[in-house]
>>> print(open('upload-v9.cif').read())   # mmCIF, C-alpha atoms
data_query
loop_
_atom_site.group_PDB
_atom_site.id
_atom_site.type_symbol
_atom_site.label_atom_id
_atom_site.label_comp_id
_atom_site.auth_asym_id
_atom_site.auth_seq_id
_atom_site.Cartn_x
_atom_site.Cartn_y
_atom_site.Cartn_z
ATOM 1 C CA MET A 1 -31.021 236.419 43.703
ATOM 2 C CA ASP A 2 -33.955 238.442 42.533
ATOM 3 C CA ALA A 3 -36.138 235.403 41.854
ATOM 4 C CA VAL A 4 -35.508 233.880 45.298
ATOM 5 C CA LEU A 5 -36.303 237.157 47.097
ATOM 6 C CA ARG A 6 -39.455 237.661 45.061
ATOM 7 C CA ALA A 7 -40.634 234.134 45.824
ATOM 8 C CA ALA A 8 -39.879 234.517 49.535
ATOM 9 C CA ALA A 9 -41.645 237.881 49.769
ATOM 10 C CA ILE A 10 -44.746 236.624 47.972
ATOM 11 C CA TYR A 11 -44.816 233.387 49.987
ATOM 12 C CA ILE A 12 -44.705 235.231 53.319
ATOM 13 C CA ALA A 13 -47.198 237.894 52.174
ATOM 14 C CA LEU A 14 -49.694 235.253 51.007
ATOM 15 C CA LEU A 15 -49.190 233.267 54.213
ATOM 16 C CA ILE A 16 -50.097 236.332 56.288
ATOM 17 C CA ILE A 17 -52.989 237.419 54.068
ATOM 18 C CA PHE A 18 -54.672 234.014 54.023
ATOM 19 C CA ARG A 19 -54.045 233.532 57.743
ATOM 20 C CA VAL A 20 -55.761 236.840 58.446
ATOM 21 C CA ALA A 21 -58.604 236.127 56.032
ATOM 22 C CA GLY A 22 -59.426 233.162 58.255
ATOM 23 C CA ARG A 23 -59.775 229.468 57.607
ATOM 24 C CA ARG A 24 -63.337 229.606 56.371
ATOM 25 C CA ALA A 25 -62.436 232.059 53.652
ATOM 26 C CA LEU A 26 -61.267 229.893 50.793
ATOM 27 C CA SER A 27 -61.761 226.357 51.989
ATOM 28 C CA ASP A 28 -65.338 225.574 50.976
ATOM 29 C CA ILE A 29 -64.803 226.648 47.435
ATOM 30 C CA THR A 30 -67.759 228.215 45.638
ATOM 31 C CA THR A 31 -67.595 229.260 42.003
ATOM 32 C CA LEU A 32 -66.762 232.819 42.990
ATOM 33 C CA ASP A 33 -64.023 231.650 45.363
ATOM 34 C CA PHE A 34 -62.563 229.544 42.594
ATOM 35 C CA LEU A 35 -62.498 232.528 40.240
ATOM 36 C CA LEU A 36 -60.946 234.675 42.962
ATOM 37 C CA LEU A 37 -58.195 232.103 43.427
ATOM 38 C CA LEU A 38 -57.505 232.107 39.703
ATOM 39 C CA ILE A 39 -57.270 235.891 39.658
ATOM 40 C CA ILE A 40 -55.030 235.931 42.729
ATOM 41 C CA GLY A 41 -52.810 233.358 41.030
ATOM 42 C CA GLN A 42 -52.629 235.447 37.902
ATOM 43 C CA ALA A 43 -51.786 238.646 39.830
ATOM 44 C CA THR A 44 -49.161 236.822 41.862
ATOM 45 C CA GLY A 45 -47.618 235.245 38.782
ATOM 46 C CA GLN A 46 -46.842 238.625 37.294
ATOM 47 C CA ALA A 47 -45.107 239.835 40.444
ATOM 48 C CA LEU A 48 -43.182 236.580 40.820
ATOM 49 C CA LEU A 49 -41.728 236.632 37.331
ATOM 50 C CA GLY A 50 -41.410 240.371 36.747
ATOM 51 C CA ASP A 51 -40.510 241.011 33.129
ATOM 52 C CA ASP A 52 -38.201 238.030 32.913
ATOM 53 C CA HIS A 53 -40.135 235.183 31.357
ATOM 54 C CA SER A 54 -37.130 232.935 30.814
ATOM 55 C CA ILE A 55 -37.238 229.250 31.712
ATOM 56 C CA THR A 56 -34.404 229.829 34.183
ATOM 57 C CA ASN A 57 -36.331 232.506 36.059
ATOM 58 C CA THR A 58 -39.517 230.432 36.088
ATOM 59 C CA LEU A 59 -37.698 227.377 37.427
ATOM 60 C CA LEU A 60 -35.879 229.459 40.045
ATOM 61 C CA VAL A 61 -39.192 230.864 41.280
ATOM 62 C CA ILE A 62 -40.845 227.436 41.416
ATOM 63 C CA VAL A 63 -37.914 225.825 43.232
ATOM 64 C CA SER A 64 -37.726 228.754 45.683
ATOM 65 C CA LEU A 65 -41.449 228.526 46.465
ATOM 66 C CA ILE A 66 -41.304 224.787 47.051
ATOM 67 C CA THR A 67 -38.196 225.208 49.207
ATOM 68 C CA MET A 68 -40.018 227.800 51.326
ATOM 69 C CA ASP A 69 -42.903 225.375 51.689
ATOM 70 C CA LEU A 70 -40.557 222.555 52.684
ATOM 71 C CA ILE A 71 -38.802 224.732 55.260
ATOM 72 C CA PHE A 72 -42.110 225.781 56.789
ATOM 73 C CA SER A 73 -43.460 222.241 56.952
ATOM 74 C CA LEU A 74 -40.231 221.045 58.589
ATOM 75 C CA LEU A 75 -40.427 223.888 61.116
ATOM 76 C CA LYS A 76 -44.070 223.096 61.803
ATOM 77 C CA GLY A 77 -43.142 219.463 62.418
ATOM 78 C CA ARG A 78 -40.481 220.521 64.917
ATOM 79 C CA SER A 79 -42.488 223.133 66.769
ATOM 80 C CA SER A 80 -46.065 222.526 67.800
ATOM 81 C CA TRP A 81 -46.248 226.196 68.813
ATOM 82 C CA LEU A 82 -45.526 227.271 65.223
ATOM 83 C CA ALA A 83 -47.952 224.702 63.820
ATOM 84 C CA ARG A 84 -50.698 225.878 66.166
ATOM 85 C CA HIS A 85 -50.219 229.480 65.119
ATOM 86 C CA LEU A 86 -49.799 228.901 61.415
ATOM 87 C CA GLU A 87 -52.508 226.318 60.922
ATOM 88 C CA GLY A 88 -54.746 226.745 63.931
ATOM 89 C CA GLU A 89 -56.346 223.907 65.872
ATOM 90 C CA PRO A 90 -59.614 222.041 65.457
ATOM 91 C CA MET A 91 -62.505 223.530 67.436
ATOM 92 C CA ILE A 92 -65.766 221.964 68.593
ATOM 93 C CA VAL A 93 -68.815 223.899 67.375
ATOM 94 C CA VAL A 94 -71.627 221.490 68.334
ATOM 95 C CA GLU A 95 -71.516 219.507 71.557
ATOM 96 C CA GLN A 96 -74.178 216.851 72.297
ATOM 97 C CA GLY A 97 -76.638 218.526 69.922
ATOM 98 C CA ARG A 98 -76.037 221.984 71.388
ATOM 99 C CA PRO A 99 -74.578 224.534 68.982
ATOM 100 C CA LEU A 100 -71.863 226.656 70.613
ATOM 101 C CA THR A 101 -73.160 229.846 69.073
ATOM 102 C CA ARG A 102 -70.540 232.258 70.312
ATOM 103 C CA ARG A 103 -67.763 230.144 68.823
ATOM 104 C CA MET A 104 -69.714 229.806 65.598
ATOM 105 C CA ALA A 105 -70.186 233.551 65.333
ATOM 106 C CA LYS A 106 -66.475 234.174 65.850
ATOM 107 C CA ALA A 107 -65.551 231.553 63.261
ATOM 108 C CA ARG A 108 -68.200 232.912 60.860
ATOM 109 C CA ILE A 109 -70.120 229.680 60.418
ATOM 110 C CA SER A 110 -73.879 229.309 60.720
ATOM 111 C CA GLU A 111 -76.122 226.495 61.879
ATOM 112 C CA SER A 112 -77.080 225.861 58.274
ATOM 113 C CA ASP A 113 -73.385 225.340 57.409
ATOM 114 C CA ILE A 114 -73.212 222.688 60.113
ATOM 115 C CA LEU A 115 -76.473 221.034 59.089
ATOM 116 C CA GLU A 116 -75.256 220.986 55.489
ATOM 117 C CA ALA A 117 -72.061 219.243 56.554
ATOM 118 C CA ALA A 118 -74.144 216.827 58.652
ATOM 119 C CA ARG A 119 -76.398 215.997 55.700
ATOM 120 C CA ILE A 120 -73.542 215.572 53.243
ATOM 121 C CA SER A 121 -71.239 213.490 55.417
ATOM 122 C CA GLN A 122 -73.627 211.593 57.718
ATOM 123 C CA GLY A 123 -77.113 211.929 56.249
ATOM 124 C CA LEU A 124 -78.370 213.562 59.448
ATOM 125 C CA GLU A 125 -81.481 215.715 59.515
ATOM 126 C CA ARG A 126 -81.508 217.620 62.816
ATOM 127 C CA MET A 127 -79.078 219.336 65.146
ATOM 128 C CA ASP A 128 -79.983 217.005 68.028
ATOM 129 C CA GLN A 129 -78.686 214.010 66.053
ATOM 130 C CA ILE A 130 -75.194 215.478 66.139
ATOM 131 C CA LYS A 131 -72.873 214.397 68.904
ATOM 132 C CA PHE A 132 -69.976 216.571 67.876
ATOM 133 C CA ALA A 133 -69.389 218.948 64.989
ATOM 134 C CA ILE A 134 -65.799 220.074 64.687
ATOM 135 C CA LEU A 135 -64.376 222.911 62.638
ATOM 136 C CA GLU A 136 -61.184 221.360 61.315
ATOM 137 C CA ARG A 137 -57.908 223.126 60.569
ATOM 138 C CA ASN A 138 -58.585 223.138 56.842
ATOM 139 C CA GLY A 139 -61.907 224.918 57.403
ATOM 140 C CA GLN A 140 -64.122 221.876 56.837
ATOM 141 C CA ILE A 141 -66.743 220.797 59.348
ATOM 142 C CA SER A 142 -66.602 217.173 60.423
ATOM 143 C CA VAL A 143 -69.645 215.646 62.070
ATOM 144 C CA ILE A 144 -69.858 212.779 64.546
ATOM 145 C CA PRO A 145 -73.438 211.459 64.918
ATOM 146 C CA LYS A 146 -75.048 210.332 68.148
ATOM 147 C CA ASP A 147 -75.227 206.569 68.549
ATOM 148 C CA MET B 1 -80.797 227.577 77.728
ATOM 149 C CA ASN B 2 -78.614 230.259 76.199
ATOM 150 C CA ASP B 3 -75.745 229.929 78.607
ATOM 151 C CA HIS B 4 -72.537 230.803 76.759
ATOM 152 C CA SER B 5 -70.325 231.068 79.806
ATOM 153 C CA ASP B 6 -68.602 227.722 79.307
ATOM 154 C CA GLU B 7 -68.028 228.103 75.569
ATOM 155 C CA MET B 8 -64.508 229.421 75.950
ATOM 156 C CA ARG B 9 -63.463 226.515 78.186
ATOM 157 C CA ASP B 10 -60.943 224.107 76.579
ATOM 158 C CA ARG B 11 -62.423 220.747 75.607
ATOM 159 C CA THR B 12 -60.177 217.717 75.485
ATOM 160 C CA TYR B 13 -62.542 215.249 73.832
ATOM 161 C CA PRO B 14 -62.855 214.448 70.919
ATOM 162 C CA VAL B 15 -60.163 216.991 70.100
ATOM 163 C CA ARG B 16 -57.718 218.899 72.272
ATOM 164 C CA GLU B 17 -58.582 222.590 72.208
ATOM 165 C CA PHE B 18 -56.541 225.686 72.921
ATOM 166 C CA MET B 19 -59.184 228.375 73.221
ATOM 167 C CA ASP B 20 -56.675 230.967 74.423
ATOM 168 C CA VAL B 21 -54.719 230.600 71.209
ATOM 169 C CA GLN B 22 -57.977 230.541 69.254
ATOM 170 C CA ARG B 23 -59.157 233.794 70.808
ATOM 171 C CA ARG B 24 -55.804 235.421 70.155
ATOM 172 C CA HIS B 25 -56.159 234.350 66.509
ATOM 173 C CA TRP B 26 -59.621 235.879 66.334
ATOM 174 C CA ARG B 27 -58.327 239.157 67.731
ATOM 175 C CA LEU B 28 -55.440 239.081 65.264
ATOM 176 C CA GLU B 29 -57.897 238.321 62.460
ATOM 177 C CA ARG B 30 -60.065 241.330 63.339
ATOM 178 C CA PHE B 31 -56.959 243.505 63.511
ATOM 179 C CA GLY B 32 -55.860 242.163 60.127
ATOM 180 C CA TRP B 33 -59.225 243.074 58.573
ATOM 181 C CA GLY B 34 -58.688 246.620 59.803
ATOM 182 C CA VAL B 35 -55.277 246.634 58.169
ATOM 183 C CA PHE B 36 -56.788 245.332 54.901
ATOM 184 C CA LEU B 37 -59.364 248.126 54.979
ATOM 185 C CA LEU B 38 -56.659 250.723 55.634
ATOM 186 C CA ILE B 39 -54.595 249.390 52.736
ATOM 187 C CA VAL B 40 -57.565 249.567 50.373
ATOM 188 C CA LEU B 41 -58.491 253.100 51.476
ATOM 189 C CA SER B 42 -54.947 254.401 51.224
ATOM 190 C CA ALA B 43 -54.579 252.761 47.803
ATOM 191 C CA LEU B 44 -57.744 254.612 46.706
ATOM 192 C CA LEU B 45 -56.238 257.846 47.987
ATOM 193 C CA GLY B 46 -53.012 257.183 46.119
ATOM 194 C CA LEU B 47 -50.538 256.124 48.793
ATOM 195 C CA PHE B 48 -49.316 253.433 46.401
ATOM 196 C CA SER B 49 -49.046 255.723 43.358
ATOM 197 C CA GLN B 50 -51.694 257.167 41.024
ATOM 198 C CA GLY B 51 -53.999 259.209 43.228
ATOM 199 C CA MET B 52 -54.661 262.306 45.253
ATOM 200 C CA LEU B 53 -51.797 261.754 47.695
ATOM 201 C CA SER B 54 -49.356 260.843 44.963
ATOM 202 C CA LEU B 55 -49.763 263.323 42.124
ATOM 203 C CA THR B 56 -48.052 266.624 42.834
ATOM 204 C CA THR B 57 -46.432 269.603 41.143
ATOM 205 C CA VAL B 58 -43.344 271.572 42.155
ATOM 206 C CA GLU B 59 -42.515 274.968 40.733
ATOM 207 C CA SER B 60 -39.255 276.921 40.694
ATOM 208 C CA THR B 61 -39.093 280.128 42.760
ATOM 209 C CA ASP B 62 -39.294 282.328 39.661
ATOM 210 C CA GLY B 63 -42.199 280.360 38.204
ATOM 211 C CA THR B 64 -40.473 279.546 34.917
ATOM 212 C CA LEU B 65 -40.219 275.806 35.485
ATOM 213 C CA SER B 66 -42.622 273.298 36.971
ATOM 214 C CA VAL B 67 -42.654 269.517 37.132
ATOM 215 C CA GLU B 68 -45.731 267.348 37.654
ATOM 216 C CA TYR B 69 -44.905 263.870 38.996
ATOM 217 C CA GLN B 70 -46.001 260.981 41.214
ATOM 218 C CA ARG B 71 -44.581 261.057 44.733
ATOM 219 C CA PHE B 72 -45.035 257.300 44.908
ATOM 220 C CA GLU B 73 -43.875 255.062 42.124
ATOM 221 C CA ARG B 74 -43.648 251.311 41.745
ATOM 222 C CA ASN B 75 -40.698 249.299 40.626
ATOM 223 C CA GLY B 76 -41.411 248.166 37.068
ATOM 224 C CA GLY B 77 -44.529 250.321 36.812
ATOM 225 C CA ALA B 78 -44.953 252.850 34.017
ATOM 226 C CA SER B 79 -45.852 256.430 34.818
ATOM 227 C CA ALA B 80 -45.585 259.926 33.421
ATOM 228 C CA MET B 81 -43.824 263.172 34.353
ATOM 229 C CA THR B 82 -44.587 266.508 32.773
ATOM 230 C CA VAL B 83 -42.099 269.356 32.674
ATOM 231 C CA ASP B 84 -43.522 272.827 31.990
ATOM 232 C CA VAL B 85 -41.277 275.718 30.988
ATOM 233 C CA HIS B 86 -42.543 279.315 30.689
ATOM 234 C CA THR B 87 -40.226 281.565 28.752
ATOM 235 C CA ALA B 88 -40.196 284.078 25.897
ATOM 236 C CA PRO B 89 -42.124 283.011 22.755
ATOM 237 C CA GLY B 90 -40.019 280.922 20.384
ATOM 238 C CA GLU B 91 -36.976 280.953 22.667
ATOM 239 C CA GLN B 92 -34.710 277.928 23.052
ATOM 240 C CA VAL B 93 -34.093 276.811 26.617
ATOM 241 C CA GLN B 94 -31.843 274.177 28.097
ATOM 242 C CA LEU B 95 -33.331 271.885 30.707
ATOM 243 C CA GLU B 96 -30.873 270.155 33.047
ATOM 244 C CA ILE B 97 -31.921 266.942 34.721
ATOM 245 C CA THR B 98 -29.545 265.538 37.350
ATOM 246 C CA GLY B 99 -29.787 263.302 40.387
ATOM 247 C CA ASP B 100 -31.322 259.850 40.704
ATOM 248 C CA LEU B 101 -33.819 260.030 37.845
ATOM 249 C CA LEU B 102 -31.512 258.382 35.354
ATOM 250 C CA ASP B 103 -30.433 255.702 37.834
ATOM 251 C CA ASN B 104 -33.759 254.800 39.422
ATOM 252 C CA PHE B 105 -35.942 255.141 36.359
ATOM 253 C CA THR B 106 -35.799 254.051 32.766
ATOM 254 C CA ILE B 107 -36.887 256.920 30.574
ATOM 255 C CA GLU B 108 -38.949 255.124 27.969
ATOM 256 C CA GLY B 109 -39.922 258.111 25.899
ATOM 257 C CA MET B 110 -39.954 261.875 25.572
ATOM 258 C CA GLN B 111 -42.632 263.877 23.772
ATOM 259 C CA PRO B 112 -41.909 266.066 21.935
ATOM 260 C CA GLU B 113 -38.432 264.902 20.965
ATOM 261 C CA PRO B 114 -36.016 267.568 22.341
ATOM 262 C CA LEU B 115 -34.017 269.567 19.781
ATOM 263 C CA GLY B 116 -30.851 268.381 21.436
ATOM 264 C CA SER B 117 -29.797 266.026 24.164
ATOM 265 C CA GLU B 118 -26.379 265.694 25.772
ATOM 266 C CA SER B 119 -24.841 264.356 28.934
ATOM 267 C CA PHE B 120 -24.271 266.878 31.679
ATOM 268 C CA ARG B 121 -22.668 266.287 35.111
ATOM 269 C CA GLY B 122 -23.873 262.748 35.156
ATOM 270 C CA GLY B 123 -27.310 263.840 34.044
ATOM 271 C CA LEU B 124 -28.991 265.097 30.917
ATOM 272 C CA ARG B 125 -29.181 268.495 29.243
ATOM 273 C CA LEU B 126 -32.113 268.826 26.860
ATOM 274 C CA THR B 127 -32.743 271.670 24.435
ATOM 275 C CA LEU B 128 -36.404 272.670 24.106
ATOM 276 C CA ARG B 129 -38.071 275.363 22.034
ATOM 277 C CA ALA B 130 -41.008 277.347 23.419
ATOM 278 C CA ASP B 131 -44.187 277.721 21.367
ATOM 279 C CA PRO B 132 -45.513 281.177 20.298
ATOM 280 C CA ALA B 133 -47.199 281.508 23.689
ATOM 281 C CA GLY B 134 -43.867 280.978 25.447
ATOM 282 C CA ASP B 135 -44.576 277.506 26.763
ATOM 283 C CA ALA B 136 -42.443 274.446 26.304
ATOM 284 C CA VAL B 137 -43.913 271.208 27.616
ATOM 285 C CA LEU B 138 -41.984 267.961 27.840
ATOM 286 C CA HIS B 139 -43.760 264.692 28.609
ATOM 287 C CA LEU B 140 -41.583 261.943 30.027
ATOM 288 C CA ALA B 141 -42.696 258.321 30.070
ATOM 289 C CA VAL B 142 -40.764 256.679 32.894
ATOM 290 C CA ARG B 143 -40.617 253.249 34.477
ATOM 291 C CA GLY B 144 -39.260 252.698 37.986
ATOM 292 C CA SER B 145 -36.216 250.440 37.909
ATOM 293 C CA GLY B 146 -34.764 250.610 41.428
ATOM 294 C CA PRO B 147 -36.813 250.509 44.643
ATOM 295 C CA GLY B 148 -36.182 253.135 47.315
ATOM 296 C CA PHE B 149 -35.976 256.888 47.570
ATOM 297 C CA SER B 150 -35.094 258.885 44.501
ATOM 298 C CA ARG B 151 -34.162 262.597 44.430
ATOM 299 C CA SER B 152 -33.817 264.292 41.066
ATOM 300 C CA HIS B 153 -33.118 267.899 40.200
ATOM 301 C CA PHE B 154 -34.562 269.933 37.354
ATOM 302 C CA ALA B 155 -33.209 273.343 36.342
ATOM 303 C CA LEU B 156 -32.996 275.690 33.396
ATOM 304 C CA THR B 157 -29.454 276.681 32.404
ATOM 305 C CA GLY B 158 -28.942 280.163 33.838
ATOM 306 C CA GLY B 159 -32.338 280.020 35.580
ATOM 307 C CA ALA B 160 -33.444 279.852 39.201
ATOM 308 C CA ALA B 161 -32.178 277.301 41.707
ATOM 309 C CA PRO B 162 -32.917 273.683 40.707
ATOM 310 C CA ILE B 163 -36.198 272.180 41.827
ATOM 311 C CA THR B 164 -35.998 268.875 43.590
ATOM 312 C CA VAL B 165 -38.313 266.004 42.802
ATOM 313 C CA SER B 166 -38.440 263.462 45.661
ATOM 314 C CA GLN B 167 -40.043 260.147 44.928
ATOM 315 C CA PHE B 168 -40.397 256.806 46.618
ATOM 316 C CA ILE B 169 -40.350 253.703 44.477
ATOM 317 C CA TYR B 170 -42.167 250.693 46.013
ATOM 318 C CA PRO B 171 -40.588 247.301 45.399
#
>>> encode(input="upload-v9.cif", output="structure tokens")
Amino acid sequence: MDAVLRAAAIYIALLIIFRVAGRRALSDITTLDFLLLLIIGQATGQALLGDDHSITNTLLVIVSLITMDLIFSLLKGRSSWLARHLEGEPMIVVEQGRPLTRRMAKARISESDILEAARISQGLERMDQIKFAILERNGQISVIPKD
Amino acid sequence: MNDHSDEMRDRTYPVREFMDVQRRHWRLERFGWGVFLLIVLSALLGLFSQGMLSLTTVESTDGTLSVEYQRFERNGGASAMTVDVHTAPGEQVQLEITGDLLDNFTIEGMQPEPLGSESFRGGLRLTLRADPAGDAVLHLAVRGSGPGFSRSHFALTGGAAPITVSQFIYP
């Protein structure tokens, strides 16, 4: 019982924390972000297992976590409302070469982030070559070039 | 040029937007950051054990017995309690500990080892000897083992009314 409750509590807590931290927070992983993730994993691991390091407890925790994940993905598939709130929706940040600066400020992305994405994915050089730049649900910026 | 008025309008191409939902998320995000900050500040102050708000001392009405403890404990976390007895030099006293302490905590160690230890009304009765200055100090190493509120009572046999130690153990 203990293992399942621990897993559920940690799953929900992490879901809320990372939702609040925003989608840009840990998606474009820098070295520091990567280290942070490792440390968060380590801290979480301790709380998940407690002082019981048996194989049974470990397996119970893993199965409980994956079950939680399955339940949530099934619920998200059934309810677009839930999906929209848990994962967000894509948002346009550049429209016909015009950066939508207020949206960008709210989403904490800069023009240089967009230009970087444009260079990496499309080999574009200037803002006016971009038809649409879209902040996707996973925090990445996708770029559609002008014809 | 810098007209932002239409930025919050929903676009439908190339993706379907829900700017209302998006703005609600942003507001929620900002609120969440505030909560994060509050959590960090209150942790620094000791709301989650080990700090100004947590460490406290209670003393019996006659001043012969005092207990220093953490108001906030964590399940599975180690911490310390210190019991101070003031009595006549060299005298033996009996300290009675009852209440939730033995249920909600594991006592991992006592320093110095009491002269005697016996069960007493579901609790413990410890025999301590005061030093030449009349002080007997007992250090308890405890570990929370049951989340929730815990009320324990400390008294000297034949002494003043028991002092109550109220603690909250976080899960």
>>> resolve_selection(input="upload-v9.cif", expression="the PyMOL selection byres ((chain A and resi 20) around 8)", output="PyMOL selection string")
(chain A and resi 16-19+21-22) or (chain B and resi 28-30+32-33)
>>> closest_residue(input="upload-v9.cif", among="B:Phe105, B:Ser79, B:Ser145, B:Asp100", to="chain A", atoms="all atoms listed in the file")
B:Ser145
>>> axis_aligned_box(input="upload-v9.cif", around="stretch 149-168 of chain B", padding_each_side="4 Å", output="JSON")
{"center_x": -34.7, "center_y": 268.5, "center_z": 40.0, "size_x": 19.5, "size_y": 31.4, "size_z": 23.2}
>>> atom_distance(input="upload-v9.cif", atom1="atom CA of B:Gly122", atom2="atom CA of B:Asn75")
22.2 Å
>>> resolve_selection(input="upload-v9.cif", expression="the PyMOL selection byres ((chain A) within 12 of (chain B))", output="VMD selection string")
chain A and resid 2 5 to 6 9 to 10 16 to 25 46 to 52 81 to 96 98 to 108 131 to 137 142 to 144
>>> write_last_selection(input="upload-v9.cif", atoms="C-alpha atoms", output="tab-separated table (two decimals), keeping the file's coordinate frame")
chain	number	residue	atom	x	y	z
A	2	ASP	CA	-33.96	238.44	42.53
A	5	LEU	CA	-36.30	237.16	47.10
A	6	ARG	CA	-39.46	237.66	45.06
A	9	ALA	CA	-41.64	237.88	49.77
A	10	ILE	CA	-44.75	236.62	47.97
A	16	ILE	CA	-50.10	236.33	56.29
A	17	ILE	CA	-52.99	237.42	54.07
A	18	PHE	CA	-54.67	234.01	54.02
A	19	ARG	CA	-54.04	233.53	57.74
A	20	VAL	CA	-55.76	236.84	58.45
A	21	ALA	CA	-58.60	236.13	56.03
A	22	GLY	CA	-59.43	233.16	58.26
A	23	ARG	CA	-59.78	229.47	57.61
A	24	ARG	CA	-63.34	229.61	56.37
A	25	ALA	CA	-62.44	232.06	53.65
A	46	GLN	CA	-46.84	238.62	37.29
A	47	ALA	CA	-45.11	239.84	40.44
A	48	LEU	CA	-43.18	236.58	40.82
A	49	LEU	CA	-41.73	236.63	37.33
A	50	GLY	CA	-41.41	240.37	36.75
A	51	ASP	CA	-40.51	241.01	33.13
A	52	ASP	CA	-38.20	238.03	32.91
A	81	TRP	CA	-46.25	226.20	68.81
A	82	LEU	CA	-45.53	227.27	65.22
A	83	ALA	CA	-47.95	224.70	63.82
A	84	ARG	CA	-50.70	225.88	66.17
A	85	HIS	CA	-50.22	229.48	65.12
A	86	LEU	CA	-49.80	228.90	61.42
A	87	GLU	CA	-52.51	226.32	60.92
A	88	GLY	CA	-54.75	226.74	63.93
A	89	GLU	CA	-56.35	223.91	65.87
A	90	PRO	CA	-59.61	222.04	65.46
A	91	MET	CA	-62.50	223.53	67.44
A	92	ILE	CA	-65.77	221.96	68.59
A	93	VAL	CA	-68.82	223.90	67.38
A	94	VAL	CA	-71.63	221.49	68.33
A	95	GLU	CA	-71.52	219.51	71.56
A	96	GLN	CA	-74.18	216.85	72.30
A	98	ARG	CA	-76.04	221.98	71.39
A	99	PRO	CA	-74.58	224.53	68.98
A	100	LEU	CA	-71.86	226.66	70.61
A	101	THR	CA	-73.16	229.85	69.07
A	102	ARG	CA	-70.54	232.26	70.31
A	103	ARG	CA	-67.76	230.14	68.82
A	104	MET	CA	-69.71	229.81	65.60
A	105	ALA	CA	-70.19	233.55	65.33
A	106	LYS	CA	-66.47	234.17	65.85
A	107	ALA	CA	-65.55	231.55	63.26
A	108	ARG	CA	-68.20	232.91	60.86
A	131	LYS	CA	-72.87	214.40	68.90
A	132	PHE	CA	-69.98	216.57	67.88
A	133	ALA	CA	-69.39	218.95	64.99
A	134	ILE	CA	-65.80	220.07	64.69
A	135	LEU	CA	-64.38	222.91	62.64
A	136	GLU	CA	-61.18	221.36	61.32
A	137	ARG	CA	-57.91	223.13	60.57
A	142	SER	CA	-66.60	217.17	60.42
A	143	VAL	CA	-69.64	215.65	62.07
A	144	ILE	CA	-69.86	212.78	64.55
>>> atom_distance(input="upload-v9.cif", atom1="atom CA of A:Leu124", atom2="atom CA of A:Gly97")
11.7 Å
>>> atom_distance(input="upload-v9.cif", atom1="atom CA of B:Ser54", atom2="atom CA of B:Ser42")
10.6 Å
>>> closest_residue(input="upload-v9.cif", among="B:Arg143, B:Arg125, B:His153, B:Arg9", to="B:Glu96", atoms="only C-alpha atoms")
B:Arg125
>>> closest_residue(input="upload-v9.cif", among="B:Leu95, B:Val58, B:Leu38, B:Met110", to="B:Leu156", atoms="all atoms listed in the file")
B:Leu95
>>> resolve_selection(input="upload-v9.cif", expression="the PyMOL selection byres ((chain A and resi 72) around 12)", output="list of chain:residue names")
A:Ala8, A:Tyr11, A:Ile12, A:Leu15, A:Leu65, A:Ile66, A:Thr67, A:Met68, A:Asp69, A:Leu70, A:Ile71, A:Ser73, A:Leu74, A:Leu75, A:Lys76, A:Gly77, A:Arg78, A:Ser79, A:Leu82, A:Ala83, A:Leu86, A:Glu87
>>> closest_residue(input="upload-v9.cif", among="B:Leu115, B:Thr98, B:Leu53, B:Asp84", to="B:Thr164", atoms="only C-alpha atoms")
B:Thr98
>>> closest_residue(input="upload-v9.cif", among="B:Ser60, B:Ser49, B:Ser150, B:Thr87", to="B:Asn104", atoms="only C-alpha atoms")
B:Ser150
>>> residues_near_point(input="upload-v9.cif", point="(-32.8, 268.4, 37.1)", cutoff="12 Å", atoms="all atoms listed in the file", output="ChimeraX atom specification")
/B:60,65-67,83,94-102,120-126,151-157,159-166
>>> decode(input="upload-v9.cif", residues="stretch 30-38 of chain A", atoms="N, CA and C atoms", output="PDB file, in the first residue's frame")
ATOM      1  N   THR A  30      19.816  22.234 -21.450  1.00  0.00           N
ATOM      2  CA  THR A  30      21.214  22.654 -21.390  1.00  0.00           C
ATOM      3  C   THR A  30      21.923  21.736 -20.398  1.00  0.00           C
ATOM      4  N   THR A  31      23.218  21.902 -20.282  1.00  0.00           N
ATOM      5  CA  THR A  31      23.969  21.034 -19.361  1.00  0.00           C
ATOM      6  C   THR A  31      23.443  21.184 -17.941  1.00  0.00           C
ATOM      7  N   LEU A  32      23.170  22.428 -17.561  1.00  0.00           N
ATOM      8  CA  LEU A  32      22.693  22.666 -16.192  1.00  0.00           C
ATOM      9  C   LEU A  32      21.325  22.018 -15.980  1.00  0.00           C
ATOM     10  N   ASP A  33      20.455  22.151 -17.001  1.00  0.00           N
ATOM     11  CA  ASP A  33      19.128  21.525 -16.893  1.00  0.00           C
ATOM     12  C   ASP A  33      19.254  20.022 -16.708  1.00  0.00           C
ATOM     13  N   PHE A  34      20.184  19.450 -17.480  1.00  0.00           N
ATOM     14  CA  PHE A  34      20.388  18.008 -17.419  1.00  0.00           C
ATOM     15  C   PHE A  34      20.814  17.592 -16.011  1.00  0.00           C
ATOM     16  N   LEU A  35      21.761  18.362 -15.446  1.00  0.00           N
ATOM     17  CA  LEU A  35      22.208  18.067 -14.083  1.00  0.00           C
ATOM     18  C   LEU A  35      21.063  18.220 -13.096  1.00  0.00           C
ATOM     19  N   LEU A  36      20.270  19.271 -13.274  1.00  0.00           N
ATOM     20  CA  LEU A  36      19.119  19.493 -12.393  1.00  0.00           C
ATOM     21  C   LEU A  36      18.179  18.296 -12.419  1.00  0.00           C
ATOM     22  N   LEU A  37      17.925  17.797 -13.645  1.00  0.00           N
ATOM     23  CA  LEU A  37      17.038  16.640 -13.782  1.00  0.00           C
ATOM     24  C   LEU A  37      17.593  15.441 -13.033  1.00  0.00           C
ATOM     25  N   LEU A  38      18.911  15.244 -13.163  1.00  0.00           N
ATOM     26  CA  LEU A  38      19.533  14.119 -12.454  1.00  0.00           C
ATOM     27  C   LEU A  38      19.331  14.256 -10.955  1.00  0.00           C
TER      28      LEU A  38
END
